[in-house]
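Student: After the structure tokens below, expect a handful of questions from me.
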Amino acid sequence: MTERFLRACRREPVDATPVWFMRQAGRSLPEYRAIRERASLVEITQDAALCAEVTLQPVRRLGVDAAILFADITTPLPGIGVQLDIVDGVGPVIERPIRTLDDVARLRRFDAVAAVGPLLDAIRLVRRDAAVPLIGFAGAPFTLASYLVEGRSSRDAIGLKTLLHQSPVVVDRLMAALVDMTLGYVGAQVAAGVQAVQIFDSWVGTLSPFDYERSVAPHTSRLFAGLAELAVPTIHFGTGSAGLLRSMAAAGGDVIGLDWRIDLADGWGLVPDRAVQGNLDPSLLLGPFEAVADQARWILGQAGGRPGHVFNLGHGVLPATDPDDLRRLVDLVHATTARSEALAAVEAP
Amino acid sequence: MTADVPTLAPLTHRMTGQARMLAAARRSPVDATPVWFMRQAGGSLPRYLALRERHSVEAIARTPELCAEVSLMPLEAYGVDGAVMFADIMLPVAAMGVDLTLTSAGPVIASPIRSAGDVEHLRPLDPEADVGFILEAIAIVRRELAGRAALIGLTGGPFTLACYLIEGGPSRDQAIAKAFMHREPDAWAALMDRLTVALSAYVEAQIRAGAHVIQVFDSWVGTLGPADYVRFAQPYSTRVLAAAAAVPTIHFGVGTAGILDHFAAAGGDVIGIDARQSLAEAWQRLGADRAIQGNLEPARLLAGWPVIEAGARAVLDEAGGQPGHIFNLGHAAPRETDPGLLRELVSFVHSATTRQSP
């Protein structure tokens, strides 16, 4: 059932629980590492054929139920005039971090075709060749702002939080500009053919509920309101978000992504009117497969066969992961949850 | 309460800091909400910085008089109700035969534990012989406090210490430690058991030396999923907390919103939470038989007084004046925090919560 993933996003019955993995395209795959020997991450995203190939690699090798566009969360930023470098082992490094209203005012209007044309072509190529749905993605305004203000990935986002408290108007305008950019970016992805969109708010878990509600949620809500008009399912993902799940769901998302630090049943209980995605601890895949299988069965037990569960890790695949274990995990989830199509149809509302 | 004990608090406060902390830990009424700050000893206090020009952190920690002096500084500087010992959580581990260096980025372990054989090399801890300097410092602080504030002894949680020993230093996701625990569950259990026995002896010795309260810092448990916490960490935390049961215990973790029920089940008269969950929601989940500690966002300390005040007010509103709240940050104070602001924060919490003396 190639519609398995999209049906689960809509909380419709499925023949087996769909599976995909965040960062499934990437360094855990030898065929990806082979390409990286001759092309940088940025070069891949600027070459439609290469980008499509990397996007499709995990679909072929792992048997996942969805492809996710290969790009970095910072890929659209040069399109608004932000100069950055992606440094191996460090991640994105911003040349001139944003600190003032002038810095924000200098950001340009985003033109998707000019900024990410090859990526949009890659989407068309993947759609032509893939038997499974293609997920587009973008960063949420808070997480993007953390890169822009900190200048690089930061564990506690303390630079952004300090600016948020000291100069709230700067962060407010910055996030507003980032929402405008992201609506243009994701709108272009959908126009080119992506069939679902995941918004990554990877650093949101550094915020207190108070600051999230007051300063961040209004922007994230505006983003999801805009995405709703694109009429594709949306996934809202954060890490360390156990204390924020209700607020995040209120901001939007047909599917709420859970990290591994909360029981799936508890997380789903906080957002009962949504589908959920998750939530195997990615570090388990560095250990024996038996521990992976145990936790996968535990998670599936918590989902209890309810419609609306997309199986995933609680965060991205770690580079040292053995792809054979990922393949076994996909098979395990499918085999454990397999139901006949007829049964799925009977249970349809 | 006693009016004959010298106090730094305004005259309207008739309880001493010690009485206030201990009453709150037991959920008894207080005349004002008690306050202390994680990592309050050290930081950017001018007197501490002056001391640091002459002594290394390691030397301060290992010299009872200096350690006591630094532990006492926040009392005068901020007017806090608790004096936490200036003692790195790795000190008992160093005494168990682990070659480690304390750096500003955290501890660095020369030979991280990677096998069952490595676990065998950990010696048992004899607190009086191995970390007598901390116990002496506790005795000095206890004497100098003379009731003005509660003396808070501390230990790392077994999981957090095991993570450092296996990772070899600070790590964001503890991926190596978690892979080890799944791949070698027996070696993990042996390591955790050794740490638990040592830490239990350590807290018992601190209590004998004069600690009024013990806080268990299990800073990294928030990297575990609930099922793994229950299997690989909780049984050991339970034993350490039980060993400290002669005094009120504070059980603190970071990022615990998703495992809070299991975390609290391990023990602690007071549950310490970070800023990433609502204090009111967490307290409701914990139930009326627990006190709670927290949870001002530490990043606010870098943003000036109005931002701090607004955050503190929100925390106090969530606590709703119920008995059993100890005000603290959600995690350690940033090292560059302006000491004057911490003093202002203590005064604010005391005056905003002043009630009739019970």
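Within each chain, counting starts at residue 1; across the structure tokens, chains are named A, B, ... in the order shown, with ligands numbered 1 upward in that order.
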From stretch 34-231 of chain B, collect each residue whose DSSP state is strand (DSSP E) and return the set as a PyMOL selection string.

Tutor: chain B and resi 82-84+100-103+106-109+150-156+213-218

Student: Taking only C-alpha atoms into account, report as a PyMOL selection string which residues of chain B lie within 7 Å of chain A.

Tutor: chain B and resi 175+178-179+182-183+222-226+255+257-259+275-278+297+299-300+302-303+307

Student: Restricted to C-alpha atoms, what would the selected residues look like written as a CSV table (one decimal), in the first residue's frame?

Tutor:
```csv
chain,number,residue,atom,x,y,z
B,175,ALA,CA,25.0,7.5,22.8
B,178,LYS,CA,23.4,3.9,26.1
B,179,ALA,CA,24.8,1.5,23.5
B,182,HIS,CA,22.2,-2.4,26.0
B,183,ARG,CA,25.1,-4.4,24.6
B,222,GLY,CA,16.6,13.2,30.4
B,223,THR,CA,18.4,11.4,27.6
B,224,LEU,CA,16.7,8.1,28.5
B,225,GLY,CA,13.3,6.9,27.3
B,226,PRO,CA,10.9,5.9,30.1
B,255,GLY,CA,14.6,17.1,30.7
B,257,ALA,CA,9.0,15.9,31.6
B,258,GLY,CA,8.5,12.6,29.8
B,259,ILE,CA,9.7,10.4,32.6
B,275,ALA,CA,12.5,25.1,33.2
B,276,ARG,CA,11.2,23.0,30.2
B,277,GLN,CA,8.0,22.0,31.9
B,278,SER,CA,5.3,23.9,33.7
B,297,GLU,CA,14.8,29.6,33.1
B,299,ALA,CA,18.9,32.1,30.5
B,300,ARG,CA,16.8,34.9,32.0
B,302,LEU,CA,21.6,37.1,31.4
B,303,ALA,CA,18.8,39.5,30.3
B,307,VAL,CA,13.1,39.8,32.5
```

Student: Which of stretch 173-338 of chain A end up as helix (DSSP H, G or I) when DSSP is run on this backbone - answer as a ChimeraX atom specification?

Tutor: /A:173-192,204-206,209-228,245-251,264-270,282-286,289-303,323-337

Student: Leaving out A:Phe137 and any residue of its chain fewer than 6 positions from it, which residues lie within 7 Å of it when counting only C-alpha atoms, given as JSON, numbers by chain?

Tutor: {"A": [197, 198, 199]}

Student: Store the residues picked out above in a file with N, CA and C atoms, as a CSV table (one decimal), in the first residue's frame.

Tutor:
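Saved the output as out.csv:
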```csv
chain,number,residue,atom,x,y,z
A,197,VAL,N,4.6,17.5,4.5
A,197,VAL,CA,5.7,18.4,5.0
A,197,VAL,C,6.0,18.2,6.4
A,198,GLN,N,7.2,18.1,6.8
A,198,GLN,CA,7.6,18.0,8.2
A,198,GLN,C,8.3,19.3,8.6
A,199,ILE,N,7.8,19.9,9.7
A,199,ILE,CA,8.5,21.1,10.2
A,199,ILE,C,9.3,20.6,11.4
```

Student: Closest to A:Gly117 among A:Phe237, A:Phe200, A:Tyr185, A:Tyr32, using only C-alpha atoms?

Tutor: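 Looking at the shortest contact to A:Gly117, the residue is A:Tyr185.
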
Student: Atom CA of B:Glu128 and atom CA of B:Ser111, how far apart in Å?

Tutor: 25.9 Å

Student: Fewer than 4 positions away in the same chain doesn't count, so skip those; otherwise give me all residues within 8 Å of stretch 78-84 of chain A, counting only C-alpha atoms, as a ChimeraX atom specification.

Tutor: /A:92-96,106-112,114-116,181

Student: Would you save the residues of that selection, restricted to C-alpha atoms, as a PDB file, in the first residue's frame?

Tutor:
```
ATOM      1  CA  PRO A  92      26.092  25.072   9.454  1.00  0.00           C
ATOM      2  CA  VAL A  93      28.209  28.091  10.361  1.00  0.00           C
ATOM      3  CA  ILE A  94      26.708  31.529   9.688  1.00  0.00           C
ATOM      4  CA  GLU A  95      29.180  34.139   8.528  1.00  0.00           C
ATOM      5  CA  ARG A  96      27.457  37.115  10.192  1.00  0.00           C
ATOM      6  CA  ARG A 106      18.791  43.426   5.559  1.00  0.00           C
ATOM      7  CA  LEU A 107      17.242  39.986   4.953  1.00  0.00           C
ATOM      8  CA  ARG A 108      15.955  39.744   1.384  1.00  0.00           C
ATOM      9  CA  ARG A 109      12.607  38.502   0.118  1.00  0.00           C
ATOM     10  CA  PHE A 110      12.717  34.812  -0.698  1.00  0.00           C
ATOM     11  CA  ASP A 111      12.351  33.753  -4.337  1.00  0.00           C
ATOM     12  CA  ALA A 112      12.122  29.953  -4.363  1.00  0.00           C
ATOM     13  CA  ALA A 114      16.114  31.589  -7.758  1.00  0.00           C
ATOM     14  CA  ALA A 115      17.126  30.258  -4.348  1.00  0.00           C
ATOM     15  CA  VAL A 116      16.493  26.520  -4.570  1.00  0.00           C
ATOM     16  CA  MET A 181      10.538  32.662   3.857  1.00  0.00           C
TER      17      MET A 181
END
```

Student: I want to know what sits within 12 Å of stretch 104-110 of chain B, based on only C-alpha atoms, with residues of the same chain fewer than 2 positions away left out; could you give that as a PyMOL selection string?

Tutor: chain B and resi 43+56-58+88-91+93-94+97-102+112-114+161-171+335

Student: To one decimal place, how far is atom CA of B:Arg239 from atom CA of B:Thr155 in Å?

Tutor: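 Atom CA of B:Thr155 lies 12.9 Å from atom CA of B:Arg239.
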
Student: Give the answer as one residue: which of A:Ala140, A:Ala48, A:Ile73, A:Val64 has the shortest atom-to-atom distance to A:Val126, using only C-alpha atoms?

Tutor: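 Closest to A:Val126, using only C-alpha atoms: A:Ala48.
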
Student: Neighbouring residues of A:Leu50 were defined as those with any atom within 12 Å, considering only C-alpha atoms; residues of the same chain fewer than 3 positions away were excluded. Please report them as an MDAnalysis selection string.

Tutor: chainID A and resid 31:32 34:36 38:47 53:57 69:71 118:119 121:123 125:126

Student: So that I have them on file, write out the residues from the current selection with C-alpha atoms, as a JSON list (two decimals), in the first residue's frame.

Tutor:
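Ended up saving to result31.json:
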```json
[["chain", "number", "residue", "atom", "x", "y", "z"],
["A", 31, "GLU", "CA", 26.20, 4.63, -1.24],
["A", 32, "TYR", "CA", 25.69, 8.11, 0.23],
["A", 34, "ALA", "CA", 30.48, 7.27, -1.87],
["A", 35, "ILE", "CA", 28.72, 10.29, -3.36],
["A", 36, "ARG", "CA", 30.00, 12.53, -0.57],
["A", 38, "ARG", "CA", 33.03, 13.68, -4.73],
["A", 39, "ALA", "CA", 30.35, 16.22, -3.71],
["A", 40, "SER", "CA", 29.71, 18.34, -0.62],
["A", 41, "LEU", "CA", 26.31, 18.48, 1.03],
["A", 42, "VAL", "CA", 25.65, 21.88, -0.53],
["A", 43, "GLU", "CA", 26.73, 20.64, -3.96],
["A", 44, "ILE", "CA", 24.30, 17.74, -3.67],
["A", 45, "THR", "CA", 21.40, 20.08, -2.92],
["A", 46, "GLN", "CA", 22.38, 22.20, -5.93],
["A", 47, "ASP", "CA", 22.42, 19.26, -8.36],
["A", 53, "GLU", "CA", 19.47, 10.00, -6.15],
["A", 54, "VAL", "CA", 20.43, 10.60, -2.51],
["A", 55, "THR", "CA", 16.75, 11.05, -1.60],
["A", 56, "LEU", "CA", 15.90, 7.71, -3.21],
["A", 57, "GLN", "CA", 18.81, 5.68, -1.80],
["A", 69, "LEU", "CA", 13.80, 15.35, 0.39],
["A", 70, "PHE", "CA", 17.55, 15.52, 0.96],
["A", 71, "ALA", "CA", 18.44, 19.03, 2.10],
["A", 118, "PRO", "CA", 17.69, 22.53, -8.41],
["A", 119, "LEU", "CA", 16.02, 21.26, -5.25],
["A", 121, "ASP", "CA", 13.80, 19.93, -9.92],
["A", 122, "ALA", "CA", 14.97, 17.13, -7.63],
["A", 123, "ILE", "CA", 11.45, 16.91, -6.21],
["A", 125, "LEU", "CA", 12.66, 13.71, -10.44],
["A", 126, "VAL", "CA", 11.89, 11.86, -7.23]]
```

Student: Under the rule that only C-alpha atoms are counted, which of A:Ala335, A:Arg306, A:Arg327, A:Val186 is the nearest residue to A:Gly63?

Tutor: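 Ranked by minimum distance to A:Gly63, first place goes to A:Arg327.
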
Student: Counting only C-alpha atoms, what is within 8 Å of A:Ser202, bar same-chain residues fewer than 5 positions away, as a list in words?

Tutor: Thr143, Phe237, Gly238 and Thr239 of chain A
